[in-house]
Structure formats: C-alpha cells, structure tokens
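Just target-v2.cif here, mmCIF, N, CA and C atoms:
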```
data_input
#
loop_
_atom_site.label_atom_id
_atom_site.label_comp_id
_atom_site.auth_asym_id
_atom_site.auth_seq_id
_atom_site.Cartn_x
_atom_site.Cartn_y
_atom_site.Cartn_z
N MET A 203 231.12 -267.12 -113.47
CA MET A 203 231.72 -267.68 -112.28
C MET A 203 230.78 -268.68 -111.63
N LYS A 204 229.48 -268.34 -111.60
CA LYS A 204 228.51 -269.25 -111.01
C LYS A 204 228.42 -270.55 -111.80
N LYS A 205 228.51 -270.45 -113.14
CA LYS A 205 228.47 -271.65 -113.97
C LYS A 205 229.67 -272.55 -113.66
N THR A 206 230.83 -271.97 -113.50
CA THR A 206 232.03 -272.74 -113.21
C THR A 206 231.91 -273.42 -111.86
N LEU A 207 231.44 -272.71 -110.85
CA LEU A 207 231.26 -273.30 -109.52
C LEU A 207 230.21 -274.41 -109.55
N THR A 208 229.16 -274.20 -110.32
CA THR A 208 228.13 -275.23 -110.43
C THR A 208 228.68 -276.47 -111.12
N LEU A 209 229.45 -276.30 -112.19
CA LEU A 209 230.04 -277.43 -112.88
C LEU A 209 231.04 -278.17 -111.98
N VAL A 210 231.85 -277.45 -111.24
CA VAL A 210 232.81 -278.07 -110.34
C VAL A 210 232.07 -278.84 -109.24
N ALA A 211 231.01 -278.26 -108.70
CA ALA A 211 230.22 -278.92 -107.66
C ALA A 211 229.56 -280.19 -108.20
N LEU A 212 228.99 -280.12 -109.40
CA LEU A 212 228.37 -281.30 -110.00
C LEU A 212 229.39 -282.38 -110.29
N PHE A 213 230.55 -281.99 -110.80
CA PHE A 213 231.60 -282.96 -111.08
C PHE A 213 232.09 -283.61 -109.77
N GLY A 214 232.25 -282.81 -108.73
CA GLY A 214 232.66 -283.33 -107.43
C GLY A 214 231.63 -284.30 -106.86
N LEU A 215 230.36 -283.96 -106.99
CA LEU A 215 229.28 -284.84 -106.53
C LEU A 215 229.27 -286.14 -107.32
N PHE A 216 229.42 -286.06 -108.62
CA PHE A 216 229.47 -287.26 -109.46
C PHE A 216 230.65 -288.14 -109.08
N LEU A 217 231.80 -287.52 -108.88
CA LEU A 217 233.00 -288.27 -108.52
C LEU A 217 232.83 -288.96 -107.16
N MET A 218 232.25 -288.25 -106.21
CA MET A 218 232.03 -288.80 -104.87
C MET A 218 231.06 -289.98 -104.91
N VAL A 219 229.99 -289.86 -105.66
CA VAL A 219 229.01 -290.93 -105.76
C VAL A 219 229.59 -292.14 -106.48
N SER A 220 230.32 -291.93 -107.54
CA SER A 220 230.87 -293.06 -108.30
C SER A 220 231.96 -293.79 -107.53
N LEU A 221 232.72 -293.11 -106.70
CA LEU A 221 233.77 -293.76 -105.92
C LEU A 221 233.25 -294.42 -104.66
N SER A 222 232.11 -293.98 -104.17
CA SER A 222 231.60 -294.52 -102.91
C SER A 222 230.74 -295.77 -103.10
N CYS A 223 230.37 -296.08 -104.32
CA CYS A 223 229.54 -297.26 -104.57
C CYS A 223 230.36 -298.52 -104.37
N SER A 224 229.77 -299.50 -103.70
CA SER A 224 230.43 -300.79 -103.49
C SER A 224 230.11 -301.68 -104.68
N LYS A 225 231.15 -302.20 -105.30
CA LYS A 225 230.96 -303.05 -106.46
C LYS A 225 231.38 -304.47 -106.12
N LYS A 226 230.64 -305.45 -106.60
CA LYS A 226 230.96 -306.85 -106.35
C LYS A 226 232.18 -307.29 -107.13
N ASP A 227 232.52 -306.60 -108.22
CA ASP A 227 233.64 -307.05 -109.02
C ASP A 227 234.99 -306.56 -108.49
N ASP A 228 235.02 -305.87 -107.35
CA ASP A 228 236.30 -305.53 -106.74
C ASP A 228 236.49 -306.31 -105.43
N GLU A 229 235.72 -307.36 -105.27
CA GLU A 229 235.81 -308.22 -104.10
C GLU A 229 236.04 -309.66 -104.55
N TYR A 230 236.49 -310.48 -103.64
CA TYR A 230 236.71 -311.90 -103.90
C TYR A 230 235.61 -312.67 -103.17
N ILE A 231 234.66 -313.20 -103.92
CA ILE A 231 233.48 -313.82 -103.34
C ILE A 231 233.30 -315.23 -103.89
N LEU A 232 232.95 -316.15 -103.00
CA LEU A 232 232.68 -317.54 -103.39
C LEU A 232 231.25 -317.89 -103.03
N LYS A 233 230.54 -318.48 -103.98
CA LYS A 233 229.22 -319.05 -103.73
C LYS A 233 229.29 -320.53 -104.10
N VAL A 234 228.64 -321.36 -103.30
CA VAL A 234 228.67 -322.80 -103.52
C VAL A 234 227.26 -323.29 -103.81
N ARG A 235 227.12 -324.08 -104.85
CA ARG A 235 225.87 -324.73 -105.22
C ARG A 235 226.06 -326.22 -104.96
N VAL A 236 225.11 -326.84 -104.27
CA VAL A 236 225.23 -328.26 -103.92
C VAL A 236 224.12 -329.04 -104.61
N THR A 237 224.53 -330.14 -105.28
CA THR A 237 223.58 -331.01 -105.97
C THR A 237 223.82 -332.45 -105.57
N VAL A 238 222.86 -333.29 -105.90
CA VAL A 238 223.00 -334.73 -105.79
C VAL A 238 222.51 -335.29 -107.12
N ASN A 239 223.13 -336.35 -107.59
CA ASN A 239 222.83 -336.93 -108.92
C ASN A 239 223.03 -335.91 -110.04
N ASP A 240 223.95 -335.00 -109.85
CA ASP A 240 224.33 -333.97 -110.82
C ASP A 240 223.25 -332.96 -111.18
N THR A 241 222.03 -333.10 -110.66
CA THR A 241 220.98 -332.18 -111.07
C THR A 241 220.11 -331.67 -109.92
N THR A 242 219.83 -332.49 -108.95
CA THR A 242 218.89 -332.13 -107.89
C THR A 242 219.55 -331.25 -106.85
N SER A 243 219.03 -330.04 -106.64
CA SER A 243 219.57 -329.12 -105.63
C SER A 243 219.30 -329.66 -104.24
N VAL A 244 220.25 -329.44 -103.33
CA VAL A 244 220.14 -329.95 -101.98
C VAL A 244 219.95 -328.80 -101.01
N GLN A 245 218.85 -328.82 -100.29
CA GLN A 245 218.54 -327.81 -99.30
C GLN A 245 219.13 -328.22 -97.95
N ASN A 246 219.63 -327.26 -97.17
CA ASN A 246 220.16 -327.46 -95.82
C ASN A 246 221.36 -328.39 -95.76
N ALA A 247 222.18 -328.41 -96.79
CA ALA A 247 223.44 -329.17 -96.74
C ALA A 247 224.48 -328.31 -96.02
N LEU A 248 225.30 -328.93 -95.19
CA LEU A 248 226.37 -328.23 -94.50
C LEU A 248 227.56 -328.09 -95.43
N VAL A 249 228.03 -326.87 -95.61
CA VAL A 249 229.15 -326.58 -96.51
C VAL A 249 230.31 -326.06 -95.67
N HIS A 250 231.49 -326.64 -95.89
CA HIS A 250 232.71 -326.23 -95.19
C HIS A 250 233.71 -325.74 -96.22
N VAL A 251 234.14 -324.49 -96.09
CA VAL A 251 235.13 -323.89 -96.98
C VAL A 251 236.37 -323.63 -96.14
N TYR A 252 237.51 -324.18 -96.56
CA TYR A 252 238.72 -324.02 -95.76
C TYR A 252 239.96 -324.09 -96.66
N ALA A 253 241.04 -323.53 -96.14
CA ALA A 253 242.33 -323.60 -96.82
C ALA A 253 243.15 -324.65 -96.09
N PRO A 254 243.67 -325.64 -96.81
CA PRO A 254 244.40 -326.74 -96.17
C PRO A 254 245.87 -326.43 -95.90
N VAL A 255 246.15 -325.23 -95.41
CA VAL A 255 247.52 -324.84 -95.09
C VAL A 255 247.57 -324.24 -93.69
N GLU A 256 248.73 -324.25 -93.09
CA GLU A 256 248.91 -323.66 -91.77
C GLU A 256 249.88 -322.50 -91.87
N PRO A 257 249.75 -321.43 -91.19
CA PRO A 257 248.56 -321.02 -90.46
C PRO A 257 247.57 -320.36 -91.42
N THR A 258 246.30 -320.52 -91.16
CA THR A 258 245.27 -319.91 -92.00
C THR A 258 244.07 -319.52 -91.16
N PHE A 259 243.38 -318.52 -91.64
CA PHE A 259 242.15 -318.08 -90.99
C PHE A 259 240.94 -318.41 -91.86
N VAL A 260 241.16 -319.13 -92.95
CA VAL A 260 240.07 -319.49 -93.86
C VAL A 260 239.46 -320.79 -93.37
N ASP A 261 238.35 -320.68 -92.68
CA ASP A 261 237.65 -321.83 -92.13
C ASP A 261 236.20 -321.42 -91.92
N TYR A 262 235.39 -321.52 -92.97
CA TYR A 262 234.01 -321.03 -92.94
C TYR A 262 233.02 -322.19 -93.05
N TYR A 263 231.88 -322.02 -92.41
CA TYR A 263 230.77 -322.98 -92.50
C TYR A 263 229.52 -322.23 -92.93
N GLY A 264 228.64 -322.92 -93.64
CA GLY A 264 227.36 -322.36 -94.03
C GLY A 264 226.42 -323.46 -94.46
N TYR A 265 225.16 -323.13 -94.61
CA TYR A 265 224.15 -324.08 -95.07
C TYR A 265 223.57 -323.59 -96.38
N THR A 266 223.14 -324.53 -97.20
CA THR A 266 222.50 -324.15 -98.46
C THR A 266 221.06 -323.72 -98.19
N ASP A 267 220.55 -322.87 -99.07
CA ASP A 267 219.18 -322.39 -98.95
C ASP A 267 218.22 -323.30 -99.73
N GLU A 268 217.02 -322.82 -99.97
CA GLU A 268 216.00 -323.65 -100.62
C GLU A 268 216.30 -323.97 -102.08
N VAL A 269 217.24 -323.24 -102.70
CA VAL A 269 217.62 -323.56 -104.08
C VAL A 269 218.99 -324.23 -104.14
N GLY A 270 219.52 -324.64 -102.99
CA GLY A 270 220.77 -325.38 -102.95
C GLY A 270 222.03 -324.55 -103.03
N GLU A 271 221.94 -323.25 -102.69
CA GLU A 271 223.11 -322.38 -102.75
C GLU A 271 223.41 -321.76 -101.39
N THR A 272 224.69 -321.52 -101.16
CA THR A 272 225.09 -320.84 -99.93
C THR A 272 225.02 -319.34 -100.13
N GLY A 273 225.18 -318.64 -99.05
CA GLY A 273 225.38 -317.20 -99.15
C GLY A 273 226.77 -316.96 -99.70
N GLU A 274 227.25 -315.74 -99.55
CA GLU A 274 228.55 -315.39 -100.09
C GLU A 274 229.63 -315.52 -99.03
N PHE A 275 230.70 -316.21 -99.38
CA PHE A 275 231.90 -316.26 -98.55
C PHE A 275 232.85 -315.23 -99.12
N GLU A 276 233.25 -314.23 -98.32
CA GLU A 276 234.09 -313.15 -98.80
C GLU A 276 235.53 -313.34 -98.35
N PHE A 277 236.46 -313.02 -99.26
CA PHE A 277 237.88 -313.14 -99.01
C PHE A 277 238.55 -311.80 -99.27
N GLY A 278 239.67 -311.57 -98.62
CA GLY A 278 240.40 -310.32 -98.80
C GLY A 278 241.27 -310.29 -100.04
N ASN A 279 241.55 -311.45 -100.58
CA ASN A 279 242.37 -311.55 -101.79
C ASN A 279 242.12 -312.91 -102.44
N ARG A 280 242.85 -313.18 -103.52
CA ARG A 280 242.69 -314.45 -104.23
C ARG A 280 243.03 -315.60 -103.30
N ALA A 281 242.27 -316.69 -103.40
CA ALA A 281 242.51 -317.85 -102.54
C ALA A 281 242.12 -319.13 -103.27
N VAL A 282 242.83 -320.20 -102.95
CA VAL A 282 242.47 -321.53 -103.41
C VAL A 282 242.01 -322.28 -102.16
N VAL A 283 240.76 -322.73 -102.18
CA VAL A 283 240.17 -323.35 -101.00
C VAL A 283 239.58 -324.71 -101.34
N GLU A 284 239.49 -325.55 -100.33
CA GLU A 284 238.79 -326.81 -100.47
C GLU A 284 237.37 -326.60 -99.97
N VAL A 285 236.44 -327.30 -100.61
CA VAL A 285 235.03 -327.17 -100.26
C VAL A 285 234.46 -328.57 -100.07
N SER A 286 233.79 -328.78 -98.94
CA SER A 286 233.10 -330.06 -98.74
C SER A 286 231.66 -329.76 -98.36
N ALA A 287 230.77 -330.62 -98.82
CA ALA A 287 229.35 -330.47 -98.52
C ALA A 287 228.81 -331.83 -98.11
N GLY A 288 227.94 -331.84 -97.13
CA GLY A 288 227.38 -333.09 -96.68
C GLY A 288 225.97 -332.94 -96.14
N LYS A 289 225.23 -334.01 -96.27
CA LYS A 289 223.89 -334.08 -95.69
C LYS A 289 223.52 -335.55 -95.61
N GLY A 290 223.18 -336.00 -94.41
CA GLY A 290 222.81 -337.40 -94.23
C GLY A 290 223.95 -338.31 -94.62
N ASN A 291 223.67 -339.29 -95.45
CA ASN A 291 224.68 -340.24 -95.91
C ASN A 291 225.34 -339.84 -97.22
N PHE A 292 225.30 -338.55 -97.55
CA PHE A 292 225.88 -338.06 -98.79
C PHE A 292 226.94 -337.01 -98.50
N LYS A 293 227.99 -337.02 -99.32
CA LYS A 293 229.06 -336.04 -99.17
C LYS A 293 229.69 -335.80 -100.53
N GLY A 294 230.17 -334.58 -100.72
CA GLY A 294 230.90 -334.23 -101.94
C GLY A 294 231.98 -333.23 -101.61
N CYS A 295 233.08 -333.30 -102.33
CA CYS A 295 234.21 -332.41 -102.09
C CYS A 295 234.75 -331.87 -103.41
N GLY A 296 235.43 -330.76 -103.31
CA GLY A 296 236.07 -330.16 -104.47
C GLY A 296 236.93 -329.01 -104.02
N PHE A 297 237.39 -328.22 -104.97
CA PHE A 297 238.17 -327.05 -104.64
C PHE A 297 237.75 -325.90 -105.53
N ALA A 298 238.11 -324.69 -105.10
CA ALA A 298 237.76 -323.50 -105.87
C ALA A 298 238.93 -322.53 -105.87
N ASP A 299 239.16 -321.92 -107.00
CA ASP A 299 240.12 -320.83 -107.12
C ASP A 299 239.29 -319.55 -107.10
N VAL A 300 239.29 -318.87 -105.97
CA VAL A 300 238.47 -317.67 -105.80
C VAL A 300 239.24 -316.49 -106.39
N VAL A 301 238.71 -315.96 -107.48
CA VAL A 301 239.34 -314.84 -108.17
C VAL A 301 238.48 -313.60 -108.01
N LEU A 302 238.96 -312.50 -108.53
CA LEU A 302 238.26 -311.22 -108.43
C LEU A 302 236.85 -311.33 -108.99
N GLY A 303 235.86 -310.88 -108.23
CA GLY A 303 234.46 -310.97 -108.63
C GLY A 303 233.78 -312.10 -107.87
N VAL A 304 232.75 -312.66 -108.46
CA VAL A 304 232.00 -313.75 -107.83
C VAL A 304 232.35 -315.06 -108.51
N THR A 305 232.84 -316.02 -107.74
CA THR A 305 233.14 -317.35 -108.23
C THR A 305 232.08 -318.29 -107.70
N THR A 306 231.43 -319.05 -108.57
CA THR A 306 230.42 -320.02 -108.16
C THR A 306 230.87 -321.41 -108.58
N ILE A 307 230.88 -322.34 -107.61
CA ILE A 307 231.22 -323.72 -107.94
C ILE A 307 230.06 -324.61 -107.55
N THR A 308 230.02 -325.78 -108.19
CA THR A 308 229.00 -326.79 -107.88
C THR A 308 229.68 -328.00 -107.28
N VAL A 309 229.19 -328.44 -106.12
CA VAL A 309 229.68 -329.65 -105.47
C VAL A 309 228.58 -330.69 -105.60
N ASN A 310 228.89 -331.81 -106.25
CA ASN A 310 227.92 -332.89 -106.42
C ASN A 310 228.15 -333.94 -105.35
N MET A 311 227.14 -334.17 -104.53
CA MET A 311 227.27 -335.15 -103.44
C MET A 311 226.92 -336.55 -103.94
N LYS A 312 227.64 -337.52 -103.37
CA LYS A 312 227.42 -338.94 -103.64
C LYS A 312 227.40 -339.67 -102.31
N PRO A 313 227.00 -340.93 -102.28
CA PRO A 313 227.00 -341.67 -101.01
C PRO A 313 228.38 -341.65 -100.35
N LEU A 314 228.40 -341.69 -99.02
CA LEU A 314 229.65 -341.63 -98.26
C LEU A 314 230.66 -342.67 -98.70
N ASP A 315 230.21 -343.88 -99.02
CA ASP A 315 231.15 -344.95 -99.39
C ASP A 315 231.54 -344.94 -100.87
N ASP A 316 231.05 -343.96 -101.64
CA ASP A 316 231.41 -343.85 -103.05
C ASP A 316 232.79 -343.20 -103.17
N GLU A 317 233.72 -343.91 -103.80
CA GLU A 317 235.09 -343.39 -103.93
C GLU A 317 235.18 -342.21 -104.88
N GLU A 318 234.14 -341.94 -105.65
CA GLU A 318 234.15 -340.86 -106.61
C GLU A 318 233.43 -339.61 -106.11
N ASN A 319 233.29 -339.47 -104.78
CA ASN A 319 232.63 -338.28 -104.25
C ASN A 319 233.59 -337.09 -104.14
N GLY A 320 234.86 -337.30 -104.49
CA GLY A 320 235.83 -336.22 -104.50
C GLY A 320 236.52 -335.99 -103.17
N CYS A 321 236.13 -336.73 -102.16
CA CYS A 321 236.70 -336.55 -100.83
C CYS A 321 237.80 -337.56 -100.59
N GLN A 322 238.81 -337.16 -99.83
CA GLN A 322 239.85 -338.08 -99.45
C GLN A 322 239.30 -339.06 -98.41
N THR A 323 239.87 -340.20 -98.32
CA THR A 323 239.44 -341.18 -97.34
C THR A 323 239.62 -340.61 -95.95
N GLY A 324 238.56 -340.71 -95.16
CA GLY A 324 238.61 -340.25 -93.78
C GLY A 324 238.28 -338.79 -93.59
N SER A 325 237.95 -338.04 -94.65
CA SER A 325 237.65 -336.62 -94.45
C SER A 325 236.17 -336.37 -94.42
#
```
Show me this structure written as structure tokens.
Amino acid sequence: MKKTLTLVALFGLFLMVSLSCSKKDDEYILKVRVTVNDTTSVQNALVHVYAPVEPTFVDYYGYTDEVGETGEFEFGNRAVVEVSAGKGNFKGCGFADVVLGVTTITVNMKPLDDEENGCQTGS
C-alpha cells in the first residue's frame, strides 16, 4: 500500500511540475533584428510593431539592444503585423507573420529617401 501511495504521489508531483512549466513554444512571440547595409547591426534603433487594421490593440514600441535586437513582443494569438525601424536618417519597414513559438525577422534600414527601404511614402 505504501508503494502504491508513493508511486501515485511521485506521478502527481511529476505531472504538476511538467504542466506548470512555462514553455516558449506555446506562446506567440516576435523578435526584431535591425541592420543597415544588410549586415551591420544597429543599436538603439526605434522599432514600431503594429497591426494596420481598426480596431486593434497591437501598437508596440521598443529599442534595439547592443546586438541590434529587440526584446520579445508577446501576442495572445497568431498575428500579421507591420514593423518599422528607424534611426537618424535611416528607416526600414517590413511585415511579420507571428506564429506559434518565437518568430524573428530582420529589418534592413536604408536612407529615408531610398524608395527600396520597404516603407510606404509618408510613413
């Protein structure tokens, strides 16, 4: 009887520990990497993540760190968002399909007047 109770207690403890762990692959997370000239990481670039639909609550801002990456932007479900990054006279835009797990995209910045920076005119 003691063996059975011990096994049940161990199984219950194992089940409780395995279910209580937070896993990154059951969340929708976006990380943004910002570069210039396709290779050089950009530190302290302002990153804007937003959904271009109304009504929406997806409107996040962040800055890149010393390796050119933002922290994690978390979403409650799958989302398609626009991403813009800028610093000084440089800007880059793109979009991301945020799926289950961690999605990382790279935004390459170009001069503001460059038509190939991925941004719409006036944005």
Exercise. Within 8 Å of range 279-292 of chain A, counting all atoms listed in the file, which residues show up once you throw out same-chain ones fewer than 4 positions away? Write them as a list of chain:residue names, please.
Key: A:Glu229, A:Tyr230, A:Ile231, A:Val236, A:Gln245, A:Asn246, A:Ala247, A:Leu248, A:Val249, A:His250, A:Val251, A:Tyr252, A:Ala253, A:Pro254, A:Gly296, A:Phe297, A:Ala298, A:Asp299, A:Val300, A:Val301, A:Leu302, A:Val309, A:Asn310, A:Met311, A:Lys312, A:Pro313, A:Leu314, A:Asp315, A:Cys321
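What separates atom C of Val238 in chain A from atom N of Val260 in chain A is a distance of 28.5 Å.
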Quiz prompt | Picked from range 208-324 of chain A by DSSP as strand (DSSP E or B), as a VMD selection string | solution = chain A and resid 230 to 238 242 to 243 248 to 252 261 to 265 271 275 to 277 281 to 289 292 to 300 303 to 313
Residues of the last selection are to be written out with N, CA and C atoms, as a compact mmCIF listing (two decimals), in the coordinates of the input.
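Writing the result to again04.txt gives the following:
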```txt
# COMPACT_ATOMS: atom_id res chain seq x y z
N TYR A 230 236.49 -310.48 -103.64
CA TYR A 230 236.71 -311.90 -103.90
C TYR A 230 235.61 -312.67 -103.17
N ILE A 231 234.66 -313.20 -103.92
CA ILE A 231 233.48 -313.82 -103.34
C ILE A 231 233.30 -315.23 -103.89
N LEU A 232 232.95 -316.15 -103.00
CA LEU A 232 232.68 -317.54 -103.39
C LEU A 232 231.25 -317.89 -103.03
N LYS A 233 230.54 -318.48 -103.98
CA LYS A 233 229.22 -319.05 -103.73
C LYS A 233 229.29 -320.53 -104.10
N VAL A 234 228.64 -321.36 -103.30
CA VAL A 234 228.67 -322.80 -103.52
C VAL A 234 227.26 -323.29 -103.81
N ARG A 235 227.12 -324.08 -104.85
CA ARG A 235 225.87 -324.73 -105.22
C ARG A 235 226.06 -326.22 -104.96
N VAL A 236 225.11 -326.84 -104.27
CA VAL A 236 225.23 -328.26 -103.92
C VAL A 236 224.12 -329.04 -104.61
N THR A 237 224.53 -330.14 -105.28
CA THR A 237 223.58 -331.01 -105.97
C THR A 237 223.82 -332.45 -105.57
N VAL A 238 222.86 -333.29 -105.90
CA VAL A 238 223.00 -334.73 -105.79
C VAL A 238 222.51 -335.29 -107.12
N THR A 242 219.83 -332.49 -108.95
CA THR A 242 218.89 -332.13 -107.89
C THR A 242 219.55 -331.25 -106.85
N SER A 243 219.03 -330.04 -106.64
CA SER A 243 219.57 -329.12 -105.63
C SER A 243 219.30 -329.66 -104.24
N LEU A 248 225.30 -328.93 -95.19
CA LEU A 248 226.37 -328.23 -94.50
C LEU A 248 227.56 -328.09 -95.43
N VAL A 249 228.03 -326.87 -95.61
CA VAL A 249 229.15 -326.58 -96.51
C VAL A 249 230.31 -326.06 -95.67
N HIS A 250 231.49 -326.64 -95.89
CA HIS A 250 232.71 -326.23 -95.19
C HIS A 250 233.71 -325.74 -96.22
N VAL A 251 234.14 -324.49 -96.09
CA VAL A 251 235.13 -323.89 -96.98
C VAL A 251 236.37 -323.63 -96.14
N TYR A 252 237.51 -324.18 -96.56
CA TYR A 252 238.72 -324.02 -95.76
C TYR A 252 239.96 -324.09 -96.66
N ASP A 261 238.35 -320.68 -92.68
CA ASP A 261 237.65 -321.83 -92.13
C ASP A 261 236.20 -321.42 -91.92
N TYR A 262 235.39 -321.52 -92.97
CA TYR A 262 234.01 -321.03 -92.94
C TYR A 262 233.02 -322.19 -93.05
N TYR A 263 231.88 -322.02 -92.41
CA TYR A 263 230.77 -322.98 -92.50
C TYR A 263 229.52 -322.23 -92.93
N GLY A 264 228.64 -322.92 -93.64
CA GLY A 264 227.36 -322.36 -94.03
C GLY A 264 226.42 -323.46 -94.46
N TYR A 265 225.16 -323.13 -94.61
CA TYR A 265 224.15 -324.08 -95.07
C TYR A 265 223.57 -323.59 -96.38
N GLU A 271 221.94 -323.25 -102.69
CA GLU A 271 223.11 -322.38 -102.75
C GLU A 271 223.41 -321.76 -101.39
N PHE A 275 230.70 -316.21 -99.38
CA PHE A 275 231.90 -316.26 -98.55
C PHE A 275 232.85 -315.23 -99.12
N GLU A 276 233.25 -314.23 -98.32
CA GLU A 276 234.09 -313.15 -98.80
C GLU A 276 235.53 -313.34 -98.35
N PHE A 277 236.46 -313.02 -99.26
CA PHE A 277 237.88 -313.14 -99.01
C PHE A 277 238.55 -311.80 -99.27
N ALA A 281 242.27 -316.69 -103.40
CA ALA A 281 242.51 -317.85 -102.54
C ALA A 281 242.12 -319.13 -103.27
N VAL A 282 242.83 -320.20 -102.95
CA VAL A 282 242.47 -321.53 -103.41
C VAL A 282 242.01 -322.28 -102.16
N VAL A 283 240.76 -322.73 -102.18
CA VAL A 283 240.17 -323.35 -101.00
C VAL A 283 239.58 -324.71 -101.34
N GLU A 284 239.49 -325.55 -100.33
CA GLU A 284 238.79 -326.81 -100.47
C GLU A 284 237.37 -326.60 -99.97
N VAL A 285 236.44 -327.30 -100.61
CA VAL A 285 235.03 -327.17 -100.26
C VAL A 285 234.46 -328.57 -100.07
N SER A 286 233.79 -328.78 -98.94
CA SER A 286 233.10 -330.06 -98.74
C SER A 286 231.66 -329.76 -98.36
N ALA A 287 230.77 -330.62 -98.82
CA ALA A 287 229.35 -330.47 -98.52
C ALA A 287 228.81 -331.83 -98.11
N GLY A 288 227.94 -331.84 -97.13
CA GLY A 288 227.38 -333.09 -96.68
C GLY A 288 225.97 -332.94 -96.14
N LYS A 289 225.23 -334.01 -96.27
CA LYS A 289 223.89 -334.08 -95.69
C LYS A 289 223.52 -335.55 -95.61
N PHE A 292 225.30 -338.55 -97.55
CA PHE A 292 225.88 -338.06 -98.79
C PHE A 292 226.94 -337.01 -98.50
N LYS A 293 227.99 -337.02 -99.32
CA LYS A 293 229.06 -336.04 -99.17
C LYS A 293 229.69 -335.80 -100.53
N GLY A 294 230.17 -334.58 -100.72
CA GLY A 294 230.90 -334.23 -101.94
C GLY A 294 231.98 -333.23 -101.61
N CYS A 295 233.08 -333.30 -102.33
CA CYS A 295 234.21 -332.41 -102.09
C CYS A 295 234.75 -331.87 -103.41
N GLY A 296 235.43 -330.76 -103.31
CA GLY A 296 236.07 -330.16 -104.47
C GLY A 296 236.93 -329.01 -104.02
N PHE A 297 237.39 -328.22 -104.97
CA PHE A 297 238.17 -327.05 -104.64
C PHE A 297 237.75 -325.90 -105.53
N ALA A 298 238.11 -324.69 -105.10
CA ALA A 298 237.76 -323.50 -105.87
C ALA A 298 238.93 -322.53 -105.87
N ASP A 299 239.16 -321.92 -107.00
CA ASP A 299 240.12 -320.83 -107.12
C ASP A 299 239.29 -319.55 -107.10
N VAL A 300 239.29 -318.87 -105.97
CA VAL A 300 238.47 -317.67 -105.80
C VAL A 300 239.24 -316.49 -106.39
N GLY A 303 235.86 -310.88 -108.23
CA GLY A 303 234.46 -310.97 -108.63
C GLY A 303 233.78 -312.10 -107.87
N VAL A 304 232.75 -312.66 -108.46
CA VAL A 304 232.00 -313.75 -107.83
C VAL A 304 232.35 -315.06 -108.51
N THR A 305 232.84 -316.02 -107.74
CA THR A 305 233.14 -317.35 -108.23
C THR A 305 232.08 -318.29 -107.70
N THR A 306 231.43 -319.05 -108.57
CA THR A 306 230.42 -320.02 -108.16
C THR A 306 230.87 -321.41 -108.58
N ILE A 307 230.88 -322.34 -107.61
CA ILE A 307 231.22 -323.72 -107.94
C ILE A 307 230.06 -324.61 -107.55
N THR A 308 230.02 -325.78 -108.19
CA THR A 308 229.00 -326.79 -107.88
C THR A 308 229.68 -328.00 -107.28
N VAL A 309 229.19 -328.44 -106.12
CA VAL A 309 229.68 -329.65 -105.47
C VAL A 309 228.58 -330.69 -105.60
N ASN A 310 228.89 -331.81 -106.25
CA ASN A 310 227.92 -332.89 -106.42
C ASN A 310 228.15 -333.94 -105.35
N MET A 311 227.14 -334.17 -104.53
CA MET A 311 227.27 -335.15 -103.44
C MET A 311 226.92 -336.55 -103.94
N LYS A 312 227.64 -337.52 -103.37
CA LYS A 312 227.42 -338.94 -103.64
C LYS A 312 227.40 -339.67 -102.31
N PRO A 313 227.00 -340.93 -102.28
CA PRO A 313 227.00 -341.67 -101.01
C PRO A 313 228.38 -341.65 -100.35
```
Practice problem: Report as number ranges by chain the residues that result from applying the PyMOL selection byres (((chain A and resi 271-278 and name CA) around 7) and name CA) to the structure here. | Solution: A: 230-236, 264-267, 269-270, 279
Quiz prompt | Point-to-point distance from CA of Ile307 in chain A to atom C of Asp228 in chain A, Å rounded to tenths | solution =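 Atom-to-atom, CA of Ile307 in chain A to atom C of Asp228 in chain A, that is 18.4 Å.
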Self-check item: Separation of atom N of Thr308 in chain A from atom C of Val244 in chain A in Å
Solution: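 Atom C of Val244 in chain A sits 12.7 Å away from atom N of Thr308 in chain A.
The shortest atom-to-atom distance to Thr242 in chain A, with only C-alpha atoms taken into account, belongs to A:Glu268 out of A:Asp261, A:Asp316, A:Glu256, A:Glu268.
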All alpha helix (DSSP H) residues (DSSP, backbone) inside range 205-321 of chain A, as a short mmCIF file (atom, residue, chain, number, x, y, z; two decimals) with N, CA and C atoms, keeping the file's coordinate frame:
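What landed in part.cif:
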```
data_model
loop_
_atom_site.label_atom_id
_atom_site.label_comp_id
_atom_site.auth_asym_id
_atom_site.auth_seq_id
_atom_site.Cartn_x
_atom_site.Cartn_y
_atom_site.Cartn_z
N LYS A 205 228.51 -270.45 -113.14
CA LYS A 205 228.47 -271.65 -113.97
C LYS A 205 229.67 -272.55 -113.66
N THR A 206 230.83 -271.97 -113.50
CA THR A 206 232.03 -272.74 -113.21
C THR A 206 231.91 -273.42 -111.86
N LEU A 207 231.44 -272.71 -110.85
CA LEU A 207 231.26 -273.30 -109.52
C LEU A 207 230.21 -274.41 -109.55
N THR A 208 229.16 -274.20 -110.32
CA THR A 208 228.13 -275.23 -110.43
C THR A 208 228.68 -276.47 -111.12
N LEU A 209 229.45 -276.30 -112.19
CA LEU A 209 230.04 -277.43 -112.88
C LEU A 209 231.04 -278.17 -111.98
N VAL A 210 231.85 -277.45 -111.24
CA VAL A 210 232.81 -278.07 -110.34
C VAL A 210 232.07 -278.84 -109.24
N ALA A 211 231.01 -278.26 -108.70
CA ALA A 211 230.22 -278.92 -107.66
C ALA A 211 229.56 -280.19 -108.20
N LEU A 212 228.99 -280.12 -109.40
CA LEU A 212 228.37 -281.30 -110.00
C LEU A 212 229.39 -282.38 -110.29
N PHE A 213 230.55 -281.99 -110.80
CA PHE A 213 231.60 -282.96 -111.08
C PHE A 213 232.09 -283.61 -109.77
N GLY A 214 232.25 -282.81 -108.73
CA GLY A 214 232.66 -283.33 -107.43
C GLY A 214 231.63 -284.30 -106.86
N LEU A 215 230.36 -283.96 -106.99
CA LEU A 215 229.28 -284.84 -106.53
C LEU A 215 229.27 -286.14 -107.32
N PHE A 216 229.42 -286.06 -108.62
CA PHE A 216 229.47 -287.26 -109.46
C PHE A 216 230.65 -288.14 -109.08
N LEU A 217 231.80 -287.52 -108.88
CA LEU A 217 233.00 -288.27 -108.52
C LEU A 217 232.83 -288.96 -107.16
N MET A 218 232.25 -288.25 -106.21
CA MET A 218 232.03 -288.80 -104.87
C MET A 218 231.06 -289.98 -104.91
N VAL A 219 229.99 -289.86 -105.66
CA VAL A 219 229.01 -290.93 -105.76
C VAL A 219 229.59 -292.14 -106.48
N SER A 220 230.32 -291.93 -107.54
CA SER A 220 230.87 -293.06 -108.30
C SER A 220 231.96 -293.79 -107.53
N LEU A 221 232.72 -293.11 -106.70
CA LEU A 221 233.77 -293.76 -105.92
C LEU A 221 233.25 -294.42 -104.66
N SER A 222 232.11 -293.98 -104.17
CA SER A 222 231.60 -294.52 -102.91
C SER A 222 230.74 -295.77 -103.10
#
```
